[in-house]
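Chemist: My structure is below; once you've seen it, I'll send some questions.
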Amino acid sequence: MGRFSVHRIDAHAHLLDLDRITYGWIERPTPLLTHLLPDYYSIARSYPPAAYHDDVAGAGITRMVACEFGAVDAIAEARWIQECHDNTGTPEGFIAAVDLAAADLPDRLATYGELSVVRAVRQPLYWSEDPLTRLGARPDHLTDPDWLQGFERVADSGLVWDLLVYAEQLPLALPLIARFPHVPIVLEAAGWPLDRSPEGFQKWREQLHAVSEHPNVTLKLQGLALVFGATPSAVTPWISAAVEIFGADRCMFATHLPVDGLLWTAGDLVEATELALAGADEHARADYFGGTAERVYLGGERLR
């Protein structure tokens, strides 16, 4: 793991506090999550910064961006994360939850504006014909006028937008991306292709190429073990292709702990990533492992 001398920033991990925060996916278990991972609910436990640091010990990760995790009260979750940041220094940034069509969106964004740790917002839009992969609430968010009006509020807030869509939805997302070229958009989970056959791989490459034409989009490669498989041979072709298409300076390293911790360790992820980047120079490695996340999520004051 010490082969490359770079400082690693984890651009996506989750923290949980079951004593203070109620999580909808724990309160109301769903077969969607056990379809993703049979033992998914074994992570339904408190996971504070100290537990996270234990899990990444030895992996060379020096900073972390936390992500919302389905809290019933998203404001309470964000305030708890701010406390963690203030008391422990971890996380350095937070991706908070929003519903862009909700009536309380202006108030929620205003509250997030008061919390220095909040650097981005997101809403799951994942939709497919298969009910077991429908992680979003509706299929039409990207074309709904009320939702798009909400996106304008996010654009005005100066926050980063994390885009959660499957690769098959990327053509529908392109008009949104083009309409807001000044909004930093992070495409999560490497664009999450549901079809991982050779034909699906080629189609995913083509879809990523179309998105990469928009310089306001960066690619976050969290959930690699969950999406592609927990071996270097499973993940390296996808990492290599992502870096080829977007460039290392538009890609982000992320552990997706504690979820991917059910499949492999943070050290395993680092080793697999280093294998995929074996032909890259030190500058490209530094960008992938931390420089991009530093610039997009953590670079000084928020954009507003």
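Here, A, B, ... name the chains of the structure tokens in the order displayed, residue numbers run from 1 inside each chain, and ligands are numbered from 1 in the same displayed order.
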Determine, counting only C-alpha atoms, which protein, DNA and RNA residues have an atom within 6 Å of an atom of Tyr288 in chain A; residues of the same chain fewer than 2 positions away are not included. Present the result as a list in words.

Modeler: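 Here the answer would be Ala248, Cys251, Met252, Phe253, Arg285, Ala286 and Gly290 of chain A.
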
Chemist: Can you check which parts of range 165-264 of chain A lie within 8 Å of range 38-60 of chain A? Per residue, the shortest pair of atoms and distance in Å to one decimal, counting only C-alpha atoms, sorted by chain and number, as CSV.

Modeler:
```
residue,atom,partner,partner_atom,distance
A:Leu257,CA,A:Tyr52,CA,7.6
A:Pro258,CA,A:Ile43,CA,6.7
A:Val259,CA,A:Ile43,CA,6.9
A:Leu262,CA,A:Tyr40,CA,7.9
```

Chemist: With C-alpha atoms retained, could you export that selection as a short mmCIF file (atom, residue, chain, number, x, y, z; two decimals), in the first residue's frame?

Modeler:
```cif
data_model
loop_
_atom_site.label_atom_id
_atom_site.label_comp_id
_atom_site.auth_asym_id
_atom_site.auth_seq_id
_atom_site.Cartn_x
_atom_site.Cartn_y
_atom_site.Cartn_z
CA LEU A 257 -17.37 2.36 3.96
CA PRO A 258 -18.96 0.74 5.83
CA VAL A 259 -20.90 -0.84 2.93
CA LEU A 262 -18.47 -6.07 3.98
#
```

Chemist: Tell me which protein, DNA and RNA residues are within 12 Å of Leu277 in chain A, counting only C-alpha atoms, leaving out same-chain ones fewer than 5 positions away, and put them as a list in words.

Modeler: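 Answer for this query is Arg3, Phe4, Pro232, Val235, Thr236, Pro237, Trp238, Ile239, Ser240, Ala241, Ala242, Val243, Glu244, Gly247, Ala248, Cys251, Phe253, Val270, Glu271, Ala272, Glu282, His283, Ala284, Arg285, Ala286, Asp287, Tyr288 and Phe289 of chain A.
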
Chemist: Using DSSP on the backbone, list every residue of range 198-277 of chain A that comes out as alpha helix (DSSP H), and give them as number ranges by chain.

Modeler: A: 198-212, 224-228, 232-246, 266-276

Chemist: Find the residues near Tyr297 in chain A: any atom within 7 Å, counting only C-alpha atoms, skip ones fewer than 2 places away on the same chain, and give them as an mmCIF file with N, CA and C atoms, in the first residue's frame.

Modeler:
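Result file result-v4.cif:
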```
data_model
loop_
_atom_site.group_PDB
_atom_site.id
_atom_site.type_symbol
_atom_site.label_atom_id
_atom_site.label_comp_id
_atom_site.auth_asym_id
_atom_site.auth_seq_id
_atom_site.Cartn_x
_atom_site.Cartn_y
_atom_site.Cartn_z
ATOM 1 N N GLY A 93 -15.697 17.151 5.019
ATOM 2 C CA GLY A 93 -16.813 17.639 4.224
ATOM 3 C C GLY A 93 -17.983 16.692 4.327
ATOM 4 N N ARG A 119 -20.757 20.543 1.968
ATOM 5 C CA ARG A 119 -20.141 21.009 0.730
ATOM 6 C C ARG A 119 -20.922 20.587 -0.512
ATOM 7 N N ALA A 293 -10.730 15.377 -5.258
ATOM 8 C CA ALA A 293 -11.633 15.573 -4.121
ATOM 9 C C ALA A 293 -11.313 16.859 -3.377
ATOM 10 N N GLU A 294 -10.033 17.166 -3.238
ATOM 11 C CA GLU A 294 -9.629 18.413 -2.589
ATOM 12 C C GLU A 294 -10.194 19.610 -3.343
ATOM 13 N N ARG A 295 -10.067 19.586 -4.646
ATOM 14 C CA ARG A 295 -10.517 20.717 -5.455
ATOM 15 C C ARG A 295 -12.037 20.830 -5.478
ATOM 16 N N GLY A 299 -11.870 22.392 -1.334
ATOM 17 C CA GLY A 299 -10.994 23.492 -1.677
ATOM 18 C C GLY A 299 -11.413 24.829 -1.120
#
```

Chemist: Hey, which of A:Leu37, A:Val65, A:Ala254, A:Leu170 ends up closest to Leu226 in chain A? Count only C-alpha atoms.

Modeler: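 Once distances to Leu226 in chain A are computed over only C-alpha atoms, the minimum belongs to A:Leu37.
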
Chemist: I'd like the interatomic distance between CA of Thr34 in chain A and CA of Lys203 in chain A, to a tenth of an Å.

Modeler: 27.0 Å

Chemist: Taking only C-alpha atoms into account, which of A:Ala276, A:Ala120, A:Val72, A:Leu224 comes nearest Leu18 in chain A?

Modeler: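 Counting only C-alpha atoms, the residue closest to Leu18 in chain A is A:Val72.
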
Chemist: Point out the residue among A:Ala266, A:Glu83, A:Glu168, A:Asp130 with the least atom-to-atom distance to Gly200 in chain A, counting only C-alpha atoms.

Modeler: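 Going through A:Ala266, A:Glu83, A:Glu168, A:Asp130 one by one, the smallest distance to Gly200 in chain A is for A:Glu168.
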
Chemist: Can you pull out every residue from range 15-243 of chain A that DSSP, working from the backbone, puts in strand (DSSP E), and format the result as a count of residues only?

Modeler: 32

Chemist: Select, from A:Leu135, A:Leu269, A:Ala225, A:Ala189, the residue with the minimum atom-to-atom distance to Leu32 in chain A, counting only C-alpha atoms.

Modeler: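 Residue with the minimum atom-to-atom distance to Leu32 in chain A: A:Leu135.
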
Chemist: Using only C-alpha atoms, which residue out of A:Pro215, A:Pro106, A:Pro29, A:Pro91 lies closest to Val154 in chain A?

Modeler: A:Pro106

Chemist: With only C-alpha atoms as the counted atoms, please give the residues lying no more than 7 Å from Ala96 in chain A, apart from itself and same-chain residues fewer than 6 positions off, as a ChimeraX atom specification.

Modeler: /A:67-68,78,118,120-122

Chemist: Do you have the CA of Trp80 in chain A-CA of Asp268 in chain A distance handy?

Modeler: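 Interatomic distance, CA of Trp80 in chain A to CA of Asp268 in chain A: 29.8 Å.
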
Chemist: Write out as an mmCIF file with all heavy atoms, in the first residue's frame the residues lying within 10 Å of Asp140 in chain A, counting only C-alpha atoms and excluding same-chain residues fewer than 5 positions away.

Modeler:
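The resulting selection09.cif:
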```cif
data_model
loop_
_atom_site.group_PDB
_atom_site.id
_atom_site.type_symbol
_atom_site.label_atom_id
_atom_site.label_comp_id
_atom_site.auth_asym_id
_atom_site.auth_seq_id
_atom_site.Cartn_x
_atom_site.Cartn_y
_atom_site.Cartn_z
ATOM 1 N N LEU A 125 -31.650 9.190 -7.648
ATOM 2 C CA LEU A 125 -32.511 9.192 -8.823
ATOM 3 C C LEU A 125 -32.481 7.852 -9.555
ATOM 4 O O LEU A 125 -33.058 7.726 -10.640
ATOM 5 C CB LEU A 125 -32.072 10.305 -9.791
ATOM 6 C CG LEU A 125 -31.948 11.708 -9.212
ATOM 7 C CD1 LEU A 125 -31.478 12.681 -10.295
ATOM 8 C CD2 LEU A 125 -33.267 12.182 -8.622
ATOM 9 N N TRP A 127 -33.207 4.643 -11.258
ATOM 10 C CA TRP A 127 -34.473 4.053 -11.690
ATOM 11 C C TRP A 127 -34.195 3.035 -12.788
ATOM 12 O O TRP A 127 -33.352 3.240 -13.665
ATOM 13 C CB TRP A 127 -35.422 5.124 -12.223
ATOM 14 C CG TRP A 127 -36.793 4.593 -12.502
ATOM 15 C CD1 TRP A 127 -37.261 4.103 -13.693
ATOM 16 C CD2 TRP A 127 -37.860 4.438 -11.564
ATOM 17 N NE1 TRP A 127 -38.558 3.681 -13.562
ATOM 18 C CE2 TRP A 127 -38.956 3.871 -12.262
ATOM 19 C CE3 TRP A 127 -38.007 4.740 -10.203
ATOM 20 C CZ2 TRP A 127 -40.170 3.592 -11.639
ATOM 21 C CZ3 TRP A 127 -39.215 4.467 -9.597
ATOM 22 C CH2 TRP A 127 -40.276 3.906 -10.304
ATOM 23 N N PRO A 145 -40.753 19.761 -14.004
ATOM 24 C CA PRO A 145 -40.489 21.202 -13.841
ATOM 25 C C PRO A 145 -40.256 21.623 -12.395
ATOM 26 O O PRO A 145 -39.392 22.474 -12.132
ATOM 27 C CB PRO A 145 -41.759 21.857 -14.416
ATOM 28 C CG PRO A 145 -42.315 20.845 -15.366
ATOM 29 C CD PRO A 145 -41.996 19.511 -14.759
ATOM 30 N N TRP A 147 -39.015 19.790 -9.965
ATOM 31 C CA TRP A 147 -37.700 19.295 -9.564
ATOM 32 C C TRP A 147 -36.601 20.161 -10.173
ATOM 33 O O TRP A 147 -35.625 20.518 -9.504
ATOM 34 C CB TRP A 147 -37.542 17.837 -9.984
ATOM 35 C CG TRP A 147 -36.367 17.150 -9.364
ATOM 36 C CD1 TRP A 147 -36.316 16.473 -8.186
ATOM 37 C CD2 TRP A 147 -35.033 17.092 -9.911
ATOM 38 N NE1 TRP A 147 -35.048 15.995 -7.958
ATOM 39 C CE2 TRP A 147 -34.245 16.353 -8.999
ATOM 40 C CE3 TRP A 147 -34.452 17.570 -11.084
ATOM 41 C CZ2 TRP A 147 -32.902 16.101 -9.226
ATOM 42 C CZ3 TRP A 147 -33.087 17.330 -11.298
ATOM 43 C CH2 TRP A 147 -32.330 16.603 -10.382
ATOM 44 N N LEU A 172 -30.596 10.860 -20.281
ATOM 45 C CA LEU A 172 -31.622 11.747 -19.735
ATOM 46 C C LEU A 172 -31.016 12.851 -18.873
ATOM 47 O O LEU A 172 -31.615 13.930 -18.729
ATOM 48 C CB LEU A 172 -32.624 10.948 -18.895
ATOM 49 C CG LEU A 172 -33.526 9.960 -19.635
ATOM 50 C CD1 LEU A 172 -34.346 9.151 -18.649
ATOM 51 C CD2 LEU A 172 -34.443 10.704 -20.608
#
```

Chemist: So how far away is CA of Phe228 in chain A from CA of Ile9 in chain A, in Å?

Modeler: 21.5 Å

Chemist: With distances taken over only C-alpha atoms, which residue among A:Asp73, A:Asp107, A:Asp260, A:Glu213 lies nearest Tyr23 in chain A?

Modeler: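 Residue with the minimum atom-to-atom distance to Tyr23 in chain A: A:Asp73.
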